[in-house]
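First the structure, in the form of structure tokens, and then the observations on it.
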Number of protein chains: 2
Amino acid sequence: MDQPSLKAVLGQAQAFFSSKGLRFTKQREAVTTLIFRTQEHFRPEELCERLRKSDSSASRATIYRTILHLVESGMLREISLGGGERLYDPNFLKSPHHNHLVCVDCRKIVEFEDPNLDIMQNCITRRMGFSPTEKALRIEGRCDMLRLLGTCKNFNAAGKKGQRDKASKG
Amino acid sequence: MDQPSLKAVLGQAQAFFSSKGLRFTKQREAVTTLIFRTQEHFRPEELCERLRKSDSSASRATIYRTILHLVESGMLREISLGGGERLYDPNFLKSPHHNHLVCVDCRKIVEFEDPNLDIMQNCITRRMGFSPTEKALRIEGRCDMLRLLGTCKNFNAAGKKGQRDKASKG
DNA sequence: GGCAAAATGATATTGCGTCTCAATCTCGCG
DNA sequence: CGCGAGATTGAGACGCAATATCATTTTGCC
Ligand SMILES: [Mn+2]
Ligand SMILES: [Mn+2]
Ligand SMILES: [Zn+2]
Ligand SMILES: [Zn+2]
């Protein structure tokens, strides 16, 4: 279920570009590949850096432009996990309605879907006179370290769980 | 239910500041007053401008610092309504669990609470091994223009509903 | 008044995203 | 093949929000 088809994804991207009279250049392919190969949430600047380190290459401008195109195609979505930072999420392709759970201790991110939740959200929305087009639920919390021993990075750092904050990568 | 007590709010702020060994200066009071008098979502820069126009005054630095303090006090919350822009929300004081409905046509924002939704979110969160600390649900959609005639700004602009986008204030 | 801590505000700096524009690429056509 | 229109790229300039710095001012207290 991880990479069901990078090839298919590239095909879909190519189809979108050509449907718009745009070309699927090697730069755009490189960006698209990088995004959908690891399937992780990312910041644009971080993507630039990753691409710079790889063998392929594209300028910052091209990377930003490609991201916009992919968003327009529906293959990529902008999300927010707090802190005002702009993130992009390539996982709506395989999980079109997923939400996010973020551990405030170890910054672990868990994606989940729940049809019943969706139904309830839709009901409420309509009751208030709206037709929903997009929903984004983000839940912050603490992952249960004892039960999930080993998956919470902060638990591994034993005992001292006070120095995380936004040092999620420092 | 609108301004149940600006005075009480200022008292609460003052209490927080002094509990931290900080002073409730006239600048901080001016910022706090401005935030909680209109009770609207705001961007920091916009708050700066509003304060500049008023009779009171505070530097940008002080405004940003005061915002941080108020967030730490729990009286103010950072939210995201999409587009990656940082917004602050003073309304969690009177409605501690509210969510946001945003009309993609007219940018109207509606706040709502729903205890059942909260319960369901909590259940799901715990089922996944998390203890929830904060939840943020944002729903984008279209407000029903026919039914809500007069409240959807875009409907008033009769017929031509293509030129909004991010011109929510142009 | 005089001191130390806290607070302020002008300014510099950073980070991120957008814009501009000249150079390059691609494709179809004669 | 050689050309030209339109698309694409990339370097750099730019704009804006937010943060950091630091000298000056204010405050509470003795
Ligand atoms: Mn995701
Ligand atoms: Mn709100
Ligand atoms: Zn954790
Ligand atoms: Zn509307």
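Quick note on naming: the chains in the structure tokens go A, B, ... in the order shown, residues restart at 1 in each chain, and ligands are numbered from 1 in order of appearance.
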
ask   = Near Phe16 (chain A), within 10 Å and counting only C-alpha atoms (C1' of nucleotides), which residues show up once chain neighbours fewer than 3 positions away are dropped, as a list of chain:residue names?
value = A:Leu10, A:Gly11, A:Gln12, A:Ala13, A:Ser19, A:Lys20, A:Gly21, A:Leu22, A:Arg23, A:Phe24, A:His69, A:Leu70, A:Glu72, A:Ser73, A:Gly74, A:Met75

request  = With only C-alpha atoms (C1' of nucleotides) and all ligand atoms counted, collect every polymer residue having an atom within 6 Å of ligand 3; state the result as a list in words.
outcome  = Cys103, Asp105, Cys106, Lys108, Arg142, Cys143 and Cys152 of chain A

Selection file, C-alpha atoms, as a short mmCIF file (atom, residue, chain, number, x, y, z; two decimals), in the first residue's frame:
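Output file part-v4.cif is given in full below:
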```
data_model
loop_
_atom_site.label_atom_id
_atom_site.label_comp_id
_atom_site.auth_asym_id
_atom_site.auth_seq_id
_atom_site.Cartn_x
_atom_site.Cartn_y
_atom_site.Cartn_z
CA CYS A 103 1.96 14.33 18.87
CA ASP A 105 5.81 15.54 22.41
CA CYS A 106 7.59 13.77 19.59
CA LYS A 108 4.98 12.12 15.18
CA ARG A 142 0.18 13.06 23.14
CA CYS A 143 0.81 9.60 21.85
CA CYS A 152 7.29 7.63 19.91
#
```

Rotated and translated chain A onto chain B by C-alpha atoms, as a JSON list (two decimals) with C-alpha atoms, in the first residue's frame:
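Once written, superposed28.json looks like this:
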```json
[["chain", "number", "residue", "atom", "x", "y", "z"],
["A", 1, "MET", "CA", -23.25, 37.43, 24.21],
["A", 2, "ASP", "CA", -21.00, 39.68, 22.17],
["A", 3, "GLN", "CA", -18.89, 41.57, 24.68],
["A", 4, "PRO", "CA", -19.86, 39.95, 27.95],
["A", 5, "SER", "CA", -17.09, 41.84, 29.70],
["A", 6, "LEU", "CA", -14.17, 43.55, 28.12],
["A", 7, "LYS", "CA", -13.40, 44.67, 31.61],
["A", 8, "ALA", "CA", -13.33, 41.08, 32.84],
["A", 9, "VAL", "CA", -11.07, 40.14, 29.96],
["A", 10, "LEU", "CA", -8.65, 42.91, 30.82],
["A", 11, "GLY", "CA", -8.73, 41.76, 34.41],
["A", 12, "GLN", "CA", -7.89, 38.23, 33.34],
["A", 13, "ALA", "CA", -5.02, 39.48, 31.23],
["A", 14, "GLN", "CA", -3.73, 41.61, 34.06],
["A", 15, "ALA", "CA", -3.91, 38.64, 36.41],
["A", 16, "PHE", "CA", -1.95, 36.51, 33.98],
["A", 17, "PHE", "CA", 0.76, 39.09, 33.48],
["A", 18, "SER", "CA", 1.24, 39.71, 37.17],
["A", 19, "SER", "CA", 1.22, 35.99, 37.90],
["A", 20, "LYS", "CA", 4.25, 35.82, 35.65],
["A", 21, "GLY", "CA", 5.94, 38.75, 37.32],
["A", 22, "LEU", "CA", 5.21, 40.89, 34.27],
["A", 23, "ARG", "CA", 3.62, 44.31, 34.16],
["A", 24, "PHE", "CA", 0.37, 45.20, 32.49],
["A", 25, "THR", "CA", 1.67, 48.31, 30.80],
["A", 26, "LYS", "CA", -0.45, 50.77, 28.87],
["A", 27, "GLN", "CA", 0.92, 49.38, 25.60],
["A", 28, "ARG", "CA", -0.05, 45.86, 26.55],
["A", 29, "GLU", "CA", -3.43, 47.05, 27.68],
["A", 30, "ALA", "CA", -3.96, 48.87, 24.41],
["A", 31, "VAL", "CA", -3.11, 45.78, 22.40],
["A", 32, "THR", "CA", -5.27, 43.55, 24.56],
["A", 33, "THR", "CA", -8.18, 45.94, 24.36],
["A", 34, "LEU", "CA", -7.96, 46.20, 20.61],
["A", 35, "ILE", "CA", -7.92, 42.43, 20.25],
["A", 36, "PHE", "CA", -10.80, 41.63, 22.55],
["A", 37, "ARG", "CA", -13.02, 44.58, 21.76],
["A", 38, "THR", "CA", -13.83, 43.61, 18.21],
["A", 39, "GLN", "CA", -13.35, 39.90, 18.80],
["A", 40, "GLU", "CA", -12.34, 39.19, 15.24],
["A", 41, "HIS", "CA", -9.75, 36.88, 13.74],
["A", 42, "PHE", "CA", -6.75, 38.97, 12.79],
["A", 43, "ARG", "CA", -3.31, 38.95, 11.29],
["A", 44, "PRO", "CA", -0.58, 40.52, 13.40],
["A", 45, "GLU", "CA", 0.38, 43.04, 10.72],
["A", 46, "GLU", "CA", -3.21, 44.09, 10.38],
["A", 47, "LEU", "CA", -3.40, 44.60, 14.12],
["A", 48, "CYS", "CA", -0.31, 46.81, 13.94],
["A", 49, "GLU", "CA", -1.98, 48.97, 11.35],
["A", 50, "ARG", "CA", -5.20, 49.24, 13.30],
["A", 51, "LEU", "CA", -3.31, 50.24, 16.40],
["A", 52, "ARG", "CA", -1.31, 52.82, 14.49],
["A", 53, "LYS", "CA", -4.54, 54.45, 13.37],
["A", 54, "SER", "CA", -5.93, 54.54, 16.88],
["A", 55, "ASP", "CA", -5.01, 57.07, 19.51],
["A", 56, "SER", "CA", -3.01, 54.61, 21.57],
["A", 57, "SER", "CA", 0.23, 53.26, 20.25],
["A", 58, "ALA", "CA", 2.76, 50.47, 20.53],
["A", 59, "SER", "CA", 5.64, 49.38, 18.41],
["A", 60, "ARG", "CA", 5.50, 46.38, 16.17],
["A", 61, "ALA", "CA", 7.88, 44.51, 18.45],
["A", 62, "THR", "CA", 5.68, 45.13, 21.46],
["A", 63, "ILE", "CA", 2.58, 44.05, 19.60],
["A", 64, "TYR", "CA", 4.17, 40.77, 18.57],
["A", 65, "ARG", "CA", 5.44, 40.19, 22.08],
["A", 66, "THR", "CA", 2.05, 40.89, 23.60],
["A", 67, "ILE", "CA", 0.39, 38.48, 21.21],
["A", 68, "LEU", "CA", 2.80, 35.77, 22.32],
["A", 69, "HIS", "CA", 2.02, 36.42, 25.95],
["A", 70, "LEU", "CA", -1.71, 36.27, 25.35],
["A", 71, "VAL", "CA", -1.31, 32.99, 23.51],
["A", 72, "GLU", "CA", 0.67, 31.63, 26.41],
["A", 73, "SER", "CA", -2.07, 32.73, 28.76],
["A", 74, "GLY", "CA", -4.59, 30.70, 26.79],
["A", 75, "MET", "CA", -6.74, 33.74, 26.05],
["A", 76, "LEU", "CA", -5.69, 33.87, 22.41],
["A", 77, "ARG", "CA", -5.18, 31.05, 19.93],
["A", 78, "GLU", "CA", -3.35, 30.74, 16.67],
["A", 79, "ILE", "CA", -5.53, 29.25, 13.96],
["A", 80, "SER", "CA", -5.32, 28.56, 10.26],
["A", 81, "LEU", "CA", -8.06, 29.23, 7.77],
["A", 82, "GLY", "CA", -5.94, 28.15, 4.80],
["A", 83, "GLY", "CA", -3.57, 29.93, 2.47],
["A", 84, "GLY", "CA", -0.73, 29.55, 4.91],
["A", 85, "GLU", "CA", -1.50, 32.83, 6.62],
["A", 86, "ARG", "CA", -1.15, 33.06, 10.37],
["A", 87, "LEU", "CA", -4.31, 34.18, 12.12],
["A", 88, "TYR", "CA", -5.10, 34.74, 15.75],
["A", 89, "ASP", "CA", -8.49, 34.04, 17.28],
["A", 90, "PRO", "CA", -9.70, 35.75, 20.46],
["A", 91, "ASN", "CA", -13.01, 33.87, 20.50],
["A", 92, "PHE", "CA", -11.94, 30.75, 22.31],
["A", 93, "LEU", "CA", -12.57, 32.62, 25.52],
["A", 94, "LYS", "CA", -16.29, 32.62, 24.96],
["A", 95, "SER", "CA", -16.45, 29.48, 22.83],
["A", 96, "PRO", "CA", -13.64, 27.17, 23.89],
["A", 97, "HIS", "CA", -14.17, 24.40, 21.36],
["A", 98, "HIS", "CA", -15.41, 26.16, 18.29],
["A", 99, "ASN", "CA", -14.62, 25.23, 14.71],
["A", 100, "HIS", "CA", -14.66, 27.21, 11.48],
["A", 101, "LEU", "CA", -16.74, 27.16, 8.36],
["A", 102, "VAL", "CA", -15.36, 29.24, 5.50],
["A", 103, "CYS", "CA", -17.29, 30.16, 2.37],
["A", 104, "VAL", "CA", -15.03, 29.88, -0.65],
["A", 105, "ASP", "CA", -17.25, 32.33, -2.53],
["A", 106, "CYS", "CA", -17.63, 35.25, -0.18],
["A", 107, "ARG", "CA", -15.02, 34.37, 2.48],
["A", 108, "LYS", "CA", -17.63, 34.59, 5.17],
["A", 109, "ILE", "CA", -16.54, 32.79, 8.32],
["A", 110, "VAL", "CA", -18.97, 31.04, 10.62],
["A", 111, "GLU", "CA", -18.00, 29.60, 13.97],
["A", 112, "PHE", "CA", -19.77, 26.61, 15.43],
["A", 113, "GLU", "CA", -19.51, 24.13, 18.25],
["A", 114, "ASP", "CA", -20.83, 20.61, 18.33],
["A", 115, "PRO", "CA", -20.38, 18.44, 21.40],
["A", 116, "ASN", "CA", -21.16, 15.23, 19.55],
["A", 117, "LEU", "CA", -18.49, 15.96, 17.02],
["A", 118, "ASP", "CA", -16.04, 16.53, 19.84],
["A", 119, "ILE", "CA", -16.94, 13.22, 21.41],
["A", 120, "MET", "CA", -16.47, 11.37, 18.18],
["A", 121, "GLN", "CA", -13.12, 13.04, 17.56],
["A", 122, "ASN", "CA", -11.96, 12.10, 21.03],
["A", 123, "CYS", "CA", -12.98, 8.49, 20.55],
["A", 124, "ILE", "CA", -11.12, 8.21, 17.29],
["A", 125, "THR", "CA", -8.05, 9.87, 18.73],
["A", 126, "ARG", "CA", -7.90, 7.53, 21.70],
["A", 127, "ARG", "CA", -8.54, 4.53, 19.53],
["A", 128, "MET", "CA", -5.39, 5.46, 17.67],
["A", 129, "GLY", "CA", -3.36, 5.62, 20.85],
["A", 130, "PHE", "CA", -3.34, 9.38, 21.33],
["A", 131, "SER", "CA", -4.55, 11.66, 24.10],
["A", 132, "PRO", "CA", -6.00, 14.72, 22.39],
["A", 133, "THR", "CA", -4.92, 18.13, 23.60],
["A", 134, "GLU", "CA", -6.24, 20.38, 20.87],
["A", 135, "LYS", "CA", -8.47, 19.96, 17.85],
["A", 136, "ALA", "CA", -8.89, 22.18, 14.82],
["A", 137, "LEU", "CA", -11.55, 21.53, 12.22],
["A", 138, "ARG", "CA", -11.87, 23.80, 9.24],
["A", 139, "ILE", "CA", -14.54, 23.21, 6.65],
["A", 140, "GLU", "CA", -14.56, 25.04, 3.36],
["A", 141, "GLY", "CA", -17.73, 25.23, 1.38],
["A", 142, "ARG", "CA", -20.27, 27.43, -0.23],
["A", 143, "CYS", "CA", -22.89, 29.18, 1.81],
["A", 144, "ASP", "CA", -26.38, 28.70, 0.49],
["A", 145, "MET", "CA", -26.90, 32.05, -1.15],
["A", 146, "LEU", "CA", -30.60, 31.70, -1.75],
["A", 147, "ARG", "CA", -31.41, 30.79, 1.80],
["A", 148, "LEU", "CA", -28.96, 33.12, 3.42],
["A", 149, "LEU", "CA", -29.71, 35.98, 1.08],
["A", 150, "GLY", "CA", -28.13, 39.09, 2.46],
["A", 151, "THR", "CA", -25.52, 37.45, 4.60],
["A", 152, "CYS", "CA", -23.41, 36.20, 1.72],
["A", 153, "LYS", "CA", -21.61, 39.27, 0.47],
["A", 154, "ASN", "CA", -20.98, 37.68, -2.87],
["A", 155, "PHE", "CA", -24.61, 37.14, -3.58],
["A", 156, "ASN", "CA", -25.17, 40.84, -3.15],
["A", 157, "ALA", "CA", -22.59, 41.44, -5.83],
["A", 158, "ALA", "CA", -25.21, 39.75, -8.02],
["A", 159, "GLY", "CA", -24.38, 37.30, -10.73],
["A", 160, "LYS", "CA", -20.66, 37.76, -10.98],
["A", 161, "LYS", "CA", -19.16, 35.36, -8.52],
["A", 162, "GLY", "CA", -15.92, 34.64, -10.33],
["A", 163, "GLN", "CA", -13.70, 37.44, -9.16],
["A", 164, "ARG", "CA", -13.18, 36.66, -5.50],
["A", 165, "ASP", "CA", -10.28, 34.27, -4.93],
["A", 166, "LYS", "CA", -8.02, 35.90, -2.39],
["A", 167, "ALA", "CA", -9.48, 39.32, -3.03],
["A", 168, "SER", "CA", -11.29, 38.99, 0.27],
["A", 169, "LYS", "CA", -10.40, 42.55, 1.04],
["A", 170, "GLY", "CA", -9.32, 44.12, -2.24]]
```

message = What's the separation between C1' of DA18 (chain D) and C1' of DT13 (chain C), in Å to one decimal place?
response = 10.6 Å

Polymer residues at most 10 Å from DT26 (chain D), only C-alpha atoms (C1' of nucleotides), same-chain spacing of 6 or more positions, as a compact mmCIF listing (two decimals) with C-alpha atoms (C1' of nucleotides), in the first residue's frame:
```txt
# COMPACT_ATOMS: atom_id res chain seq x y z
CA THR B 25 1.77 48.26 30.78
C1' DA C 6 11.75 44.86 32.79
C1' DA C 7 9.94 46.92 28.75
C1' DT C 8 10.03 49.50 24.65
```

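Residue-level contact on chain D: within 8 Å of chain A, counting only C-alpha atoms (C1' of nucleotides), the set is D:DA7, D:DT9, D:DG10.
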